[in-house]
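Visitor: Data: my_file.txt, compact mmCIF, C-alpha atoms and all ligand atoms.
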# COMPACT_ATOMS: atom_id res chain seq x y z
CA MET V 169 -4.51 37.68 15.82
CA SER V 170 -2.99 34.28 16.46
CA HIS V 171 0.58 33.78 15.38
CA LEU V 172 -0.01 30.05 15.01
CA MET V 173 -0.11 28.81 11.44
CA ASN V 174 -3.59 27.85 10.37
CA THR V 175 -3.13 24.07 10.28
CA TYR V 176 -5.68 22.78 12.80
CA SER V 177 -9.38 23.34 13.52
CA ARG V 178 -8.87 23.40 17.26
CA LEU V 179 -11.60 22.88 19.81
CA PRO V 180 -12.11 25.83 22.18
CA VAL V 181 -10.48 24.25 25.21
CA SER V 182 -7.02 24.43 26.74
CA PHE V 183 -5.75 21.86 29.21
CA THR V 184 -3.46 22.67 32.09
CA HIS V 185 -2.73 19.31 33.69
CA GLY V 186 -3.70 15.67 33.87
CA LYS V 187 -3.56 12.60 36.08
CA GLY V 188 -4.10 9.09 34.76
CA VAL V 189 -6.97 9.19 32.27
CA TRP V 190 -8.20 12.57 33.55
CA VAL V 191 -7.32 16.05 32.30
CA TRP V 192 -8.32 19.51 33.57
CA ASP V 193 -8.87 22.64 31.53
CA ASP V 194 -7.89 26.20 32.45
CA ALA V 195 -11.32 26.77 33.99
CA GLY V 196 -10.78 23.82 36.33
CA ARG V 197 -13.22 21.47 34.51
CA ARG V 198 -12.32 17.80 34.52
CA TYR V 199 -12.56 15.51 31.46
CA LEU V 200 -12.24 11.77 31.00
CA ASP V 201 -9.66 11.39 28.25
CA ALA V 202 -10.74 8.52 25.98
CA LEU V 203 -8.33 9.59 23.25
CA ALA V 204 -4.93 9.78 25.01
CA GLY V 205 -3.53 12.36 22.61
CA ILE V 206 -4.58 10.10 19.69
CA ALA V 207 -3.01 6.91 21.04
CA VAL V 208 0.06 8.65 22.42
CA ASN V 209 -0.24 8.75 26.23
CA THR V 210 0.22 5.03 26.81
CA LEU V 211 0.58 5.54 30.56
CA GLY V 212 -2.05 8.28 30.82
CA HIS V 213 -1.03 11.65 32.18
CA ALA V 214 1.67 12.35 34.78
CA HIS V 215 2.56 8.74 35.55
CA PRO V 216 4.90 9.06 38.57
CA LYS V 217 7.40 6.41 37.38
CA LEU V 218 7.65 7.97 33.91
CA LEU V 219 8.05 11.38 35.48
CA ARG V 220 10.91 10.06 37.62
CA ALA V 221 12.66 8.44 34.64
CA ILE V 222 12.38 11.58 32.51
CA THR V 223 13.48 13.86 35.35
CA GLU V 224 16.51 11.72 36.13
CA GLN V 225 17.53 11.56 32.47
CA THR V 226 17.02 15.31 32.00
CA GLY V 227 19.35 15.95 34.91
CA ARG V 228 22.00 13.70 33.34
CA LEU V 229 21.87 14.23 29.57
CA ILE V 230 19.10 15.35 27.22
CA HIS V 231 20.83 15.27 23.85
CA VAL V 232 24.18 14.55 22.35
CA SER V 233 24.23 13.49 18.70
CA ASN V 234 24.20 10.35 16.64
CA LEU V 235 27.85 11.12 15.98
CA TYR V 236 28.40 9.22 19.24
CA ARG V 237 27.25 6.01 20.85
CA ILE V 238 24.12 6.54 22.94
CA ALA V 239 23.70 3.96 25.69
CA GLU V 240 19.97 4.62 26.20
CA GLN V 241 19.38 4.13 22.47
CA GLU V 242 21.25 0.82 22.40
CA LYS V 243 19.30 -0.38 25.42
CA LEU V 244 15.98 0.63 23.88
CA ALA V 245 16.84 -1.07 20.58
CA ASP V 246 17.69 -4.26 22.52
CA LYS V 247 14.37 -4.11 24.33
CA LEU V 248 12.31 -3.41 21.20
CA CYS V 249 13.99 -6.27 19.34
CA ALA V 250 13.43 -8.60 22.30
CA ILE V 251 9.68 -7.90 22.42
CA SER V 252 9.18 -7.86 18.63
CA GLY V 253 11.56 -10.46 17.20
CA MET V 254 13.06 -7.83 14.89
CA ASP V 255 16.83 -7.41 14.36
CA ASN V 256 17.60 -3.70 14.53
CA VAL V 257 16.10 -0.24 14.90
CA PHE V 258 16.46 3.25 13.44
CA PHE V 259 15.15 5.96 15.76
CA CYS V 260 13.42 9.13 14.66
CA ASN V 261 10.84 11.53 16.10
CA SER V 262 7.44 10.73 14.63
CA GLY V 263 5.27 8.31 12.72
CA CYS V 264 5.77 9.92 9.32
CA GLU V 265 9.52 9.85 9.81
CA ALA V 266 9.38 6.15 10.68
CA ASN V 267 7.39 5.58 7.46
CA GLU V 268 9.90 7.65 5.47
CA ALA V 269 12.66 5.36 6.71
CA ALA V 270 10.66 2.32 5.59
CA ILE V 271 10.00 3.80 2.15
CA LYS V 272 13.71 4.54 1.74
CA ILE V 273 14.65 1.02 2.87
CA ALA V 274 12.22 -0.46 0.31
CA ARG V 275 13.56 1.70 -2.52
CA LEU V 276 17.20 0.98 -1.75
CA TYR V 277 16.40 -2.72 -1.38
CA GLY V 278 14.76 -2.59 -4.84
CA HIS V 279 17.64 -0.74 -6.47
CA ARG V 280 20.11 -3.27 -5.07
CA LYS V 281 17.99 -5.97 -6.75
CA GLY V 282 18.29 -4.08 -10.04
CA ILE V 283 14.78 -2.58 -10.04
CA GLY V 284 15.14 0.95 -11.40
CA ALA V 285 11.72 2.32 -10.41
CA PRO V 286 10.78 0.43 -7.24
CA ALA V 287 7.13 0.60 -6.15
CA ILE V 288 5.33 -0.16 -2.90
CA VAL V 289 1.83 -1.61 -2.58
CA VAL V 290 -0.28 0.62 -0.31
CA MET V 291 -3.93 0.54 0.77
CA ASP V 292 -7.13 2.51 0.29
CA LYS V 293 -7.92 4.59 3.41
CA ALA V 294 -4.37 4.18 4.68
CA PHE V 295 -2.73 6.93 6.69
CA HIS V 296 1.06 7.10 6.88
CA GLY V 297 1.72 10.79 7.56
CA ARG V 298 1.90 14.23 6.03
CA THR V 299 5.39 14.53 4.56
CA LEU V 300 5.41 14.38 0.78
CA ALA V 301 6.32 10.70 0.53
CA THR V 302 4.00 9.60 3.33
CA LEU V 303 1.01 11.62 2.11
CA SER V 304 1.60 10.03 -1.29
CA ALA V 305 1.42 6.61 0.39
CA THR V 306 -1.71 7.70 2.27
CA GLY V 307 -5.04 6.63 0.75
CA ASN V 308 -7.03 9.79 1.39
CA ARG V 309 -7.46 12.47 -1.27
CA LYS V 310 -8.14 15.12 1.39
CA VAL V 311 -4.60 14.66 2.69
CA GLN V 312 -3.08 14.78 -0.79
CA ALA V 313 -5.11 17.46 -2.56
CA GLY V 314 -3.10 20.55 -3.41
CA PHE V 315 0.26 18.94 -2.84
CA GLU V 316 0.67 17.38 -6.26
CA PRO V 317 2.81 16.23 -7.88
CA LEU V 318 2.73 13.30 -5.51
CA VAL V 319 5.79 11.16 -4.94
CA PRO V 320 5.60 8.27 -7.42
CA GLY V 321 6.24 4.65 -6.60
CA PHE V 322 3.03 3.64 -4.82
CA VAL V 323 0.46 1.20 -6.17
CA ARG V 324 -2.85 1.36 -4.32
CA VAL V 325 -5.19 -1.57 -3.67
CA PRO V 326 -8.31 -2.05 -1.50
CA PHE V 327 -7.56 -2.85 2.15
CA ASP V 328 -7.89 -6.44 3.37
CA ASP V 329 -8.27 -7.73 -0.19
CA MET V 330 -5.75 -10.45 -0.98
CA GLU V 331 -6.95 -10.94 -4.56
CA ALA V 332 -6.06 -7.33 -5.38
CA VAL V 333 -2.52 -7.87 -4.09
CA ARG V 334 -2.21 -11.05 -6.15
CA ARG V 335 -3.28 -9.18 -9.29
CA VAL V 336 -0.57 -6.57 -8.69
CA ALA V 337 1.98 -9.36 -8.14
CA ALA V 338 1.04 -10.88 -11.48
CA SER V 339 1.24 -7.64 -13.43
CA ASP V 340 3.86 -5.34 -11.88
CA ARG V 341 7.50 -6.40 -11.74
CA ASN V 342 8.55 -3.17 -10.03
CA ILE V 343 6.95 -4.00 -6.68
CA VAL V 344 9.46 -4.28 -3.85
CA ALA V 345 7.28 -4.07 -0.73
CA VAL V 346 3.82 -3.96 0.82
CA LEU V 347 3.07 -1.26 3.39
CA VAL V 348 -0.04 -1.78 5.52
CA GLU V 349 -1.56 -0.77 8.85
CA PRO V 350 -2.87 -3.99 10.46
CA ILE V 351 -5.61 -1.79 11.92
CA GLN V 352 -6.27 1.46 10.09
CA GLY V 353 -6.70 4.21 12.65
CA GLU V 354 -7.31 7.46 10.75
CA GLY V 355 -9.10 5.42 8.08
CA GLY V 356 -11.88 4.52 10.53
CA ILE V 357 -10.69 1.62 12.76
CA ASN V 358 -10.65 -0.89 9.91
CA ILE V 359 -9.30 -4.20 11.14
CA SER V 360 -7.52 -6.49 8.71
CA SER V 361 -8.18 -10.18 9.11
CA MET V 362 -5.34 -12.13 10.68
CA GLN V 363 -5.47 -14.47 7.67
CA TYR V 364 -4.83 -11.47 5.39
CA LEU V 365 -1.68 -10.62 7.35
CA ARG V 366 -0.49 -14.23 7.10
CA GLU V 367 -1.19 -14.33 3.36
CA LEU V 368 0.61 -11.03 2.86
CA ARG V 369 3.61 -12.55 4.64
CA GLU V 370 3.47 -15.52 2.27
CA ILE V 371 3.21 -13.47 -0.91
CA CYS V 372 6.07 -11.22 0.24
CA ASP V 373 8.22 -14.32 0.83
CA ARG V 374 7.30 -15.76 -2.55
CA GLU V 375 7.86 -12.53 -4.51
CA GLY V 376 10.91 -11.32 -2.59
CA TRP V 377 9.01 -8.23 -1.34
CA LEU V 378 9.44 -6.57 2.03
CA PHE V 379 6.43 -6.91 4.32
CA MET V 380 6.19 -3.54 6.09
CA LEU V 381 3.71 -2.93 8.91
CA ASP V 382 2.76 0.54 10.06
CA GLU V 383 1.92 -0.08 13.73
CA VAL V 384 2.31 3.61 14.61
CA GLN V 385 -1.25 3.82 15.97
CA CYS V 386 -2.25 0.22 16.65
CA GLY V 387 1.04 -1.07 18.12
CA LEU V 388 2.68 -0.81 21.54
CA GLY V 389 0.22 -2.81 23.59
CA ARG V 390 -3.06 -1.20 22.60
CA THR V 391 -4.57 -4.47 21.34
CA GLY V 392 -3.45 -6.60 24.29
CA ARG V 393 -0.19 -7.74 22.70
CA TRP V 394 2.81 -5.58 22.00
CA PHE V 395 2.09 -5.60 18.28
CA VAL V 396 -0.96 -6.52 16.18
CA CYS V 397 1.11 -8.82 13.96
CA GLN V 398 1.68 -11.00 17.05
CA HIS V 399 -2.04 -11.87 17.07
CA ALA V 400 -1.57 -13.23 13.54
CA GLY V 401 1.67 -15.01 14.43
CA VAL V 402 3.64 -13.27 11.67
CA LEU V 403 6.83 -11.27 11.70
CA PRO V 404 7.19 -8.39 9.24
CA ASP V 405 10.45 -7.33 7.59
CA VAL V 406 9.93 -3.72 8.64
CA MET V 407 7.72 -2.36 11.44
CA LEU V 408 7.02 1.26 12.24
CA LEU V 409 6.29 2.68 15.67
CA ALA V 410 5.82 6.14 17.13
CA LYS V 411 2.81 7.58 19.01
CA GLY V 412 2.65 5.47 22.21
CA LEU V 413 6.35 4.60 22.34
CA GLY V 414 7.43 7.52 24.54
CA SER V 415 4.06 7.97 26.26
CA GLY V 416 4.03 11.60 25.09
CA VAL V 417 7.72 12.28 24.59
CA PRO V 418 8.26 12.38 20.79
CA ILE V 419 10.00 9.29 19.44
CA GLY V 420 9.52 7.12 16.38
CA ALA V 421 11.17 3.88 15.35
CA CYS V 422 11.69 1.86 12.20
CA LEU V 423 12.41 -1.77 13.14
CA ALA V 424 13.85 -4.11 10.54
CA ARG V 425 14.69 -7.78 10.20
CA GLY V 426 16.71 -10.02 7.90
CA ALA V 427 17.65 -8.47 4.55
CA ALA V 428 15.75 -5.27 5.40
CA ALA V 429 17.93 -4.82 8.48
CA ARG V 430 21.06 -4.79 6.30
CA VAL V 431 19.92 -2.23 3.72
CA PHE V 432 21.03 1.04 5.31
CA GLU V 433 24.69 1.88 5.59
CA PRO V 434 26.27 4.97 7.15
CA GLY V 435 25.26 7.99 5.11
CA ASN V 436 21.98 6.56 3.82
CA HIS V 437 19.73 7.98 6.51
CA GLY V 438 19.75 10.01 9.71
CA SER V 439 17.93 12.32 12.09
CA THR V 440 19.40 15.00 14.36
CA PHE V 441 17.09 14.43 17.31
CA GLY V 442 16.31 10.78 16.54
CA GLY V 443 16.78 8.51 19.55
CA ASN V 444 18.27 11.10 21.85
CA PRO V 445 18.88 10.07 25.47
CA LEU V 446 15.76 11.80 26.81
CA ALA V 447 13.37 10.27 24.26
CA CYS V 448 14.92 6.84 24.72
CA ALA V 449 14.69 7.05 28.51
CA ALA V 450 10.99 7.89 28.17
CA ALA V 451 10.43 4.93 25.84
CA LEU V 452 12.42 2.54 28.04
CA ALA V 453 10.39 3.60 31.06
CA THR V 454 7.15 3.25 29.09
CA LEU V 455 7.95 -0.32 28.07
CA GLN V 456 9.08 -1.24 31.58
CA ILE V 457 5.96 0.21 33.22
CA VAL V 458 3.68 -1.53 30.69
CA GLU V 459 5.30 -4.81 31.82
CA GLU V 460 5.39 -4.06 35.56
CA GLU V 461 1.76 -2.95 35.65
CA ARG V 462 0.56 -5.71 33.32
CA LEU V 463 -0.98 -3.16 30.98
CA LEU V 464 -1.22 -5.55 28.01
CA GLU V 465 -3.66 -7.67 29.97
CA ASN V 466 -5.44 -4.53 31.12
CA ALA V 467 -5.76 -3.24 27.53
CA GLU V 468 -7.35 -6.51 26.49
CA ARG V 469 -9.76 -6.61 29.46
CA MET V 470 -10.78 -2.98 29.27
CA GLY V 471 -11.06 -3.18 25.49
CA THR V 472 -13.43 -6.13 25.79
CA LEU V 473 -15.45 -4.33 28.44
CA LEU V 474 -15.80 -1.22 26.27
CA LEU V 475 -16.50 -3.08 23.04
CA SER V 476 -19.06 -5.45 24.53
CA GLY V 477 -20.62 -2.60 26.53
CA LEU V 478 -21.04 -0.50 23.41
CA ARG V 479 -22.42 -3.46 21.45
CA GLU V 480 -24.91 -4.34 24.18
CA GLN V 481 -26.05 -0.83 24.95
CA LEU V 482 -26.32 0.30 21.33
CA ALA V 483 -27.78 -2.98 20.07
CA GLY V 484 -30.69 -2.34 17.72
CA THR V 485 -30.08 1.42 17.64
CA ARG V 486 -30.97 2.61 14.15
CA GLY V 487 -28.12 4.49 12.55
CA VAL V 488 -25.31 2.44 14.13
CA VAL V 489 -23.61 0.80 11.14
CA GLU V 490 -20.94 -1.18 12.99
CA ILE V 491 -19.08 -1.24 16.30
CA ARG V 492 -15.61 -2.64 15.81
CA GLY V 493 -12.38 -2.74 17.69
CA HIS V 494 -9.46 -4.66 19.02
CA GLY V 495 -8.37 -3.96 22.58
CA LEU V 496 -8.31 -0.24 23.30
CA MET V 497 -8.75 0.77 19.67
CA ILE V 498 -12.46 1.11 19.09
CA GLY V 499 -14.66 2.66 16.41
CA VAL V 500 -18.41 3.21 16.36
CA GLU V 501 -19.48 3.80 12.77
CA LEU V 502 -22.73 5.69 12.25
CA ASP V 503 -24.75 6.11 9.08
CA ARG V 504 -24.20 9.87 9.09
CA PRO V 505 -21.55 12.50 9.81
CA CYS V 506 -21.15 12.84 13.57
CA GLY V 507 -18.47 15.48 14.09
CA ALA V 508 -20.92 17.37 16.33
CA LEU V 509 -20.62 14.60 18.87
CA VAL V 510 -17.05 15.60 19.73
CA GLY V 511 -18.23 18.95 21.15
CA GLN V 512 -21.23 17.39 22.86
CA ALA V 513 -18.99 14.80 24.52
CA MET V 514 -16.62 17.53 25.62
CA ALA V 515 -19.51 19.44 27.17
CA ALA V 516 -20.35 16.23 29.04
CA GLY V 517 -16.73 15.89 30.21
CA LEU V 518 -15.51 13.24 27.76
CA LEU V 519 -12.77 13.48 25.13
CA VAL V 520 -13.36 11.40 22.00
CA ASN V 521 -12.65 11.92 18.33
CA VAL V 522 -14.44 11.38 15.03
CA THR V 523 -12.56 10.15 11.99
CA MET V 524 -13.68 9.70 8.37
CA ASP V 525 -16.71 11.90 9.31
CA THR V 526 -18.80 8.98 10.58
CA VAL V 527 -16.62 6.94 12.95
CA ILE V 528 -16.42 7.79 16.66
CA ARG V 529 -12.97 6.73 17.79
CA LEU V 530 -11.86 5.67 21.28
CA LEU V 531 -8.16 5.24 22.07
CA PRO V 532 -7.83 5.55 25.85
CA ALA V 533 -4.60 5.14 27.78
CA LEU V 534 -3.58 1.59 28.68
CA VAL V 535 -3.88 2.45 32.39
CA ILE V 536 -7.65 2.92 32.19
CA GLY V 537 -9.56 1.16 34.99
CA GLU V 538 -12.93 -0.53 35.02
CA THR V 539 -14.76 2.35 36.71
CA GLU V 540 -13.45 4.77 34.12
CA ALA V 541 -14.27 2.45 31.21
CA ARG V 542 -17.84 2.23 32.53
CA GLN V 543 -17.91 6.02 32.83
CA ILE V 544 -17.02 6.29 29.13
CA LEU V 545 -19.99 4.06 28.31
CA ALA V 546 -22.31 6.00 30.60
CA MET V 547 -21.36 9.29 28.94
CA LEU V 548 -21.02 8.20 25.32
CA VAL V 549 -24.01 5.90 24.78
CA PRO V 550 -26.73 8.52 25.54
CA LEU V 551 -24.95 11.02 23.28
CA VAL V 552 -24.91 8.54 20.39
CA ARG V 553 -28.57 7.69 20.97
CA ASP V 554 -29.55 11.38 21.07
CA LEU V 555 -27.61 12.14 17.92
CA LEU V 556 -29.23 9.26 16.09
CA ALA V 557 -32.69 10.20 17.32
CA GLN V 558 -32.45 13.44 15.35
CA PRO V 559 -33.22 13.48 11.62
CA ALA V 560 -29.97 12.66 9.73
CA ALA V 561 -29.92 16.08 8.03
CA ALA V 562 -30.02 17.90 11.41
CA SER V 563 -27.08 16.02 12.92
CA ALA V 564 -25.11 16.40 9.67
CA ALA V 565 -25.74 20.15 9.62
CA ARG V 566 -24.26 20.48 13.07
CA ALA V 567 -21.22 18.32 12.21
N1 LIG V 601 1.07 6.08 10.60
C1 LIG V 601 -0.10 5.92 11.23
C2 LIG V 601 -0.75 4.57 11.21
C3 LIG V 601 -0.69 6.98 11.93
O1 LIG V 601 -1.86 6.79 12.55
C4 LIG V 601 -0.03 8.23 11.93
C5 LIG V 601 -0.63 9.38 12.62
O2 LIG V 601 -1.80 9.42 12.89
C6 LIG V 601 1.19 8.35 11.25
C7 LIG V 601 1.71 7.26 10.60
C8 LIG V 601 1.92 9.66 11.23
O3 LIG V 601 2.46 9.90 12.48
P1 LIG V 601 2.98 11.37 12.88
O4 LIG V 601 1.80 12.26 12.99
O5 LIG V 601 3.68 11.14 14.19
O6 LIG V 601 3.92 11.79 11.81
The structure in this file should be written as structure tokens.

Guide:
Amino acid sequence: MSHLMNTYSRLPVSFTHGKGVWVWDDAGRRYLDALAGIAVNTLGHAHPKLLRAITEQTGRLIHVSNLYRIAEQEKLADKLCAISGMDNVFFCNSGCEANEAAIKIARLYGHRKGIGAPAIVVMDKAFHGRTLATLSATGNRKVQAGFEPLVPGFVRVPFDDMEAVRRVAASDRNIVAVLVEPIQGEGGINISSMQYLRELREICDREGWLFMLDEVQCGLGRTGRWFVCQHAGVLPDVMLLAKGLGSGVPIGACLARGAAARVFEPGNHGSTFGGNPLACAAALATLQIVEEERLLENAERMGTLLLSGLREQLAGTRGVVEIRGHGLMIGVELDRPCGALVGQAMAAGLLVNVTMDTVIRLLPALVIGETEARQILAMLVPLVRDLLAQPAAASAARA
């Protein structure tokens, strides 16, 4: 009997080591990792410079406490503010914790404005985490069911729909913020229009709301710029990061700007492990290596190669609903459940994921090269074609 709590439907494979975009299982089989730990391993596996930075830091100091000044944390906050245009940073350990910090900032900001029951506009199909507040902000009943009563204070609207936000603005005086993923990851690689992000910025300015972007999955270089909001030319008031920030070492961050940056005071928020020297050294090294190795450019080039390759090679294939993506964040939506494809890809030596039952998701490391990107296409396209060649009921039954 396993002593692990029954929280995941795990695939029957166990990995022992990795190098770049490759990982090996305990039987010595090699896999091309097109998922990178769900957008976490920015630098792929076992990057020598990251390894050196982590090893050096471990030998010096792993953890102290936020009771003291932490030089690595100050340096990382400086760097994150320099690349984002934000003013300050709170460090935590995960994406949901970063979102929790944002929700608390929005509520405190509202209370200070005299709003007794502050509410945040959130989106259909959003994913913000699995703590009680973040699952309440999440737009997926599967994540929420059984955990009621949900945390109140969220008003849900359709994603990428400016009219819906305007209607809420006209009718609800308790709104204090909008929380949105510029590209929804768990929700199926749904990409908001850049105009939508700009209009959200405008309405937040007009209404005195905080514009809060959850870039936990889509940020940190994956789309060819550090952050998706930079493609739209807008700055949020609050931005959330985690996943790729430490390239596998757990670290999350809540970045704030202007009034939002002045909301928290000592005693309002905290985290024991948040921003410890080891996690910050990993994040500092990650950011430095992304710059040194020009991985933003690489993400854009490899993303274009993958997206155009998929579009060309699957053009006219019945059952492909849409192929969408931005940089190395790509979804292939089919007209039927395709969970079975994950196992088939694994058998072929490729790691991918399916989200929302029908969307094949690719999130490879930013270090991926052209040969490897072409290998993904060569492995994935025939699997998609085969799956779609079967009657829909048969592929659904296997999912
Ligand atoms: N926000 C987004 C956009 C995410 O994709 C995720 C995780 O998938 C989270 C928040 C939650 O992050 P974590 O699992 O680190 O708590």

Visitor: Take atom CA of Gly278 of chain V and atom CA of Asn308 of chain V and report the distance between them in Å, one decimal.

Guide: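 Separation of atom CA of Gly278 of chain V and atom CA of Asn308 of chain V: 25.8 Å.
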
Visitor: Within 8 Å of Leu365 of chain V, counting only C-alpha atoms, which residues qualify if same-chain residues fewer than 5 places away don't, as an MDAnalysis selection string?

Guide: chainID V and resid 350 360 397 400 402

Visitor: Kindly indicate which residue among V:Gly493, V:Pro286, V:Gly188, V:Gly420 lies nearest to Val527 of chain V, using all atoms listed in the file for the distances.

Guide: V:Gly493

Visitor: Hey, what's within 8 Å of segment 195-199 of chain V if we count all atoms listed in the file and toss same-chain stuff fewer than 5 positions away? As a list of chain:residue names, please?

Guide: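 Everything that qualifies: V:Trp190, V:Met514, V:Gly517, V:Leu518, V:Leu519.
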
Visitor: Keeping C-alpha atoms for every residue in the selection just given, could you write it to a file as a PDB file, in the coordinates of the input?

Guide:
ATOM      1  CA  TRP V 190      -8.200  12.570  33.550  1.00  0.00           C
ATOM      2  CA  MET V 514     -16.620  17.530  25.620  1.00  0.00           C
ATOM      3  CA  GLY V 517     -16.730  15.890  30.210  1.00  0.00           C
ATOM      4  CA  LEU V 518     -15.510  13.240  27.760  1.00  0.00           C
ATOM      5  CA  LEU V 519     -12.770  13.480  25.130  1.00  0.00           C
TER       6      LEU V 519
END

Visitor: List all protein, DNA and RNA residues that have any atom at most 10 Å from ligand LIG 601 (chain V), counting all atoms listed in the file, and write the list as a ChimeraX atom specification.

Guide: /V:206-208,260-268,294-299,302-303,306,348-355,381-387,408-412,418-420

Visitor: Which value, in Å to one decimal, gives the distance between atom CA of Ala424 of chain V and atom CA of Glu461 of chain V?

Guide: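 Distance between the two atoms: 27.9 Å.
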
Visitor: Taking 2 positions as the minimum chain separation for residues in the same chain, which residues sit within 12 Å of Ala202 of chain V when counting all atoms listed in the file? Answer as a ChimeraX atom specification.

Guide: /V:188-191,199-200,204-210,212-213,470-471,474,496-499,510,513-514,517-522,528-537,540-545,547-548

Visitor: As a tab-separated table (two decimals), keeping the file's coordinate frame, please: segment 469-484 of chain V completed to N, CA, C and O atoms.

Guide:
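Saved the output as result_1.tsv:
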chain	number	residue	atom	x	y	z
V	469	ARG	N	-8.54	-6.53	28.62
V	469	ARG	CA	-9.76	-6.61	29.46
V	469	ARG	C	-10.63	-5.38	29.31
V	469	ARG	O	-11.83	-5.46	29.13
V	470	MET	N	-10.00	-4.22	29.36
V	470	MET	CA	-10.78	-2.98	29.27
V	470	MET	C	-11.34	-2.79	27.86
V	470	MET	O	-12.44	-2.27	27.68
V	471	GLY	N	-10.57	-3.25	26.86
V	471	GLY	CA	-11.06	-3.18	25.49
V	471	GLY	C	-12.30	-4.04	25.32
V	471	GLY	O	-13.29	-3.62	24.72
V	472	THR	N	-12.27	-5.24	25.89
V	472	THR	CA	-13.43	-6.13	25.79
V	472	THR	C	-14.63	-5.53	26.51
V	472	THR	O	-15.76	-5.57	26.01
V	473	LEU	N	-14.34	-4.94	27.68
V	473	LEU	CA	-15.45	-4.33	28.44
V	473	LEU	C	-16.10	-3.20	27.62
V	473	LEU	O	-17.33	-3.13	27.51
V	474	LEU	N	-15.27	-2.35	27.04
V	474	LEU	CA	-15.80	-1.22	26.27
V	474	LEU	C	-16.54	-1.70	25.02
V	474	LEU	O	-17.66	-1.25	24.74
V	475	LEU	N	-15.91	-2.62	24.30
V	475	LEU	CA	-16.50	-3.08	23.04
V	475	LEU	C	-17.82	-3.81	23.30
V	475	LEU	O	-18.84	-3.53	22.64
V	476	SER	N	-17.81	-4.71	24.29
V	476	SER	CA	-19.06	-5.45	24.53
V	476	SER	C	-20.11	-4.52	25.13
V	476	SER	O	-21.31	-4.64	24.83
V	477	GLY	N	-19.68	-3.57	25.96
V	477	GLY	CA	-20.62	-2.60	26.53
V	477	GLY	C	-21.28	-1.78	25.43
V	477	GLY	O	-22.51	-1.58	25.43
V	478	LEU	N	-20.48	-1.30	24.50
V	478	LEU	CA	-21.04	-0.50	23.41
V	478	LEU	C	-22.00	-1.35	22.57
V	478	LEU	O	-23.09	-0.90	22.19
V	479	ARG	N	-21.56	-2.59	22.29
V	479	ARG	CA	-22.42	-3.46	21.45
V	479	ARG	C	-23.74	-3.76	22.15
V	479	ARG	O	-24.80	-3.72	21.52
V	480	GLU	N	-23.67	-4.04	23.45
V	480	GLU	CA	-24.91	-4.34	24.18
V	480	GLU	C	-25.81	-3.11	24.26
V	480	GLU	O	-27.00	-3.17	23.96
V	481	GLN	N	-25.21	-2.00	24.66
V	481	GLN	CA	-26.05	-0.83	24.95
V	481	GLN	C	-26.54	-0.12	23.69
V	481	GLN	O	-27.53	0.59	23.73
V	482	LEU	N	-25.85	-0.34	22.58
V	482	LEU	CA	-26.32	0.30	21.33
V	482	LEU	C	-26.99	-0.73	20.40
V	482	LEU	O	-27.32	-0.40	19.25
V	483	ALA	N	-27.19	-1.94	20.91
V	483	ALA	CA	-27.78	-2.98	20.07
V	483	ALA	C	-29.14	-2.50	19.57
V	483	ALA	O	-29.95	-1.97	20.33
V	484	GLY	N	-29.38	-2.68	18.29
V	484	GLY	CA	-30.69	-2.34	17.72
V	484	GLY	C	-30.91	-0.85	17.50
V	484	GLY	O	-31.98	-0.45	17.06
